[in-house]
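To start, the structure under review is shown below, and the notes come after it.
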Amino acid sequence: MKSDLKKEILSLATEDYFGLYEIIWGLNNEFPELSEAKKISRSKKAISELLQEELIQLYKIEVSNEKYVLIPADEIGSFLEKAESWKPGSSYIGFTATLKGE
């Protein structure tokens with residue numbers, strides 16, 4: 001599942017911006033028996049590896065004004081640890097592929 005999850009996330013990232021919450025939604029369909037905590041933990045690991053490999057970037061996305069703000073590398077860890085980063089909302093944490101990731 002781990003490497004498949006990374007591949008799936010990278011595939012999504014090459015298409016558009018996606019929210020971290022959308023990863024959880026996908027896992028809800030595939031693995032309904034897993035707790036949300038496990039889904040977030042596995043997703044966090046996959047996202048972290050893709051970030052380290054410079055294949056994706058994280059953004060704070062504000063829906064109302066379509067504002068995309070790149071999250072600096074030194075702040076990524078704190079965003080990934082926040083429970084609200086994995087939830088949808090009027091602003092959310094999203095990702096997209098870098099040129100290397102494409």
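Residue numbering restarts at 1 for every chain of the structure tokens, chains are lettered A, B, ... in their displayed order, and ligands are numbered from 1 as they appear.
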
For this session: Identify, with DSSP run on backbone atoms, the residues in chain A assigned to helix (DSSP H, G or I), and express the list as a PyMOL selection string.
Result: chain A and resi 2-15+20-30+36-52+73-81+83-86

Exercise. Leaving out Glu84 in chain A and any residue of its chain fewer than 2 positions from it, which residues lie within 12 Å of it when counting only C-alpha atoms, given as a PyMOL selection string?
Worked result: chain A and resi 19-21+40+60+78-82+86-93

For this session: Excluding range 47-50 of chain A and residues on its chain fewer than 3 positions from it, collect all residues at most 10 Å away from it, counting only C-alpha atoms, and give them as a PyMOL selection string.
Result: chain A and resi 5-7+9-10+20+23+41-44+53-58+76-77+80+95+97+101

Save out the residues we just selected, C-alpha atoms, as a short mmCIF file (atom, residue, chain, number, x, y, z; two decimals), in the first residue's frame.
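Writing done, so here's selection.cif:
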data_model
loop_
_atom_site.label_atom_id
_atom_site.label_comp_id
_atom_site.auth_asym_id
_atom_site.auth_seq_id
_atom_site.Cartn_x
_atom_site.Cartn_y
_atom_site.Cartn_z
CA LEU A 5 -0.13 5.44 -2.12
CA LYS A 6 2.90 7.50 -3.15
CA LYS A 7 2.23 6.69 -6.80
CA ILE A 9 -0.60 10.92 -4.73
CA LEU A 10 1.98 11.79 -7.38
CA LEU A 20 -4.64 16.52 1.69
CA ILE A 23 -6.13 11.52 0.01
CA SER A 41 -0.26 8.57 9.40
CA ARG A 42 0.27 6.64 6.15
CA SER A 43 -0.62 9.68 4.06
CA LYS A 44 1.72 11.91 6.07
CA GLU A 53 12.24 13.80 -3.17
CA GLU A 54 11.15 17.25 -4.43
CA LEU A 55 8.32 15.70 -6.47
CA ILE A 56 5.53 17.78 -4.92
CA GLN A 57 5.03 21.09 -3.10
CA LEU A 58 2.49 22.02 -0.42
CA ILE A 76 5.77 21.90 6.38
CA GLY A 77 6.18 19.64 9.41
CA LEU A 80 1.33 18.03 8.41
CA PHE A 95 -0.32 19.80 -3.09
CA ALA A 97 3.67 18.29 -8.63
CA GLY A 101 7.50 15.35 -10.21
#

Exercise. Mind pulling up the distance from CA of Glu33 in chain A to CA of Leu51 in chain A?
Worked result: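 A separation of 27.6 Å between them.
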
Exercise. Which is closest to Tyr59 in chain A among A:Glu8, A:Glu102, A:Glu15, A:Glu75, if we use only C-alpha atoms?
Worked result: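 Among the listed residues, A:Glu75 lies closest to Tyr59 in chain A.
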
For this session: Please return as a ChimeraX atom specification: the residues of chain A that backbone DSSP assigns to strand (DSSP E).
Result: /A:18-19,56-62,67-70,91-97

Problem set entry | Residue among A:Leu99, A:Ile61, A:Ile71, A:Ala83 lying closest to Phe18 in chain A, counting only C-alpha atoms |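 The answer is A:Ile61, which sits nearest to Phe18 in chain A.
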
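As for CA of Lys100 in chain A and CA of Asn65 in chain A, they are spaced 28.0 Å apart.
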